[in-house]
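Down below is the structure, laid out as structure tokens.
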Amino acid sequence: MKLRIAAFMVIYSISILAIAQSSALVGVWEIKSTHYDGESITVREPRQVKVFTAQHVFYTYYDALTPPVLRLGHGTYTFDGTTLIETISNHSNEAVIGEAFSVEVEINAAGTEFTQVVDLGKYVLRETWQRIE
């Protein structure tokens, strides 16, 4: 009986921690800064936005066209406190629908900013997002 209670407490604690980590991203975020391979990139206006709900993510982004065009995508996500995995359900670029993208994320202590690092192989993209809601 004691073993069952101990096992339940461990499972319960892990579940609560997972919920707390995912909920840390819930809200509306706006791009604050971008660095591509260590070089600062000017943030375009209107600024990109990410909206996280309990299970879904919606976002805007700029494509590489000249002039750049603001596009959008959405999908589901998981977050374990350090790794964010976004699985794309719909996207302006149909080629990425169904793809899963994994990035390393660090949230500041106040929960008002997070930085995501995307390893693109040859280059590294580092974005900082600030909570706006």
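Letters A, B, ... go to the chains of the structure tokens in the order shown; residues in each chain start at 1; ligands are counted from 1 in the same order.
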
Write out as number ranges by chain the residues lying within 12 Å of Ile85 of chain A, counting only C-alpha atoms and excluding same-chain residues fewer than 4 positions away. A: 22, 55-57, 75-81, 99-105, 116, 118

Strand (DSSP E) per DSSP on the backbone: members of chain A, as a PyMOL selection string: chain A and resi 27-36+39-41+49-52+56-62+70-79+83-91+100-107+113-119+124-131

Using only C-alpha atoms, find the one residue out of A:Asp63, A:Glu106, A:Trp29, A:Glu133 that sits nearest to Asn93 of chain A.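 For Asn93 of chain A, the nearest of the candidates is A:Asp63.
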
Report as a list of chain:residue names all protein, DNA and RNA residues lying within 10 Å of Asn90 of chain A, evaluated on only C-alpha atoms, omitting residues in the same chain fewer than 4 positions from it.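 So the residues in contact are A:Phe58, A:Leu72, A:Gly73, A:His74, A:Gly75, A:Glu94, A:Ala95, A:Val96, A:Ile97, A:Gly98.
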
Quick one, how far is atom CA of Ala64 of chain A from atom CA of Glu127 of chain A?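 Going from atom CA of Ala64 of chain A over to atom CA of Glu127 of chain A covers 16.8 Å.
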
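Residue-level DSSP output for chain A, from the backbone, shows helix (DSSP H, G or I) at Lys2, Leu3, Arg4, Ile5, Ala6, Ala7, Phe8, Met9, Val10, Ile11, Tyr12, Ser13, Ile14, Ser15, Ile16, Leu17, Ala18, Ile19, Ala20, Gln21, Ser22, Ser23, Glu94, Ala95 and Val96 of chain A.
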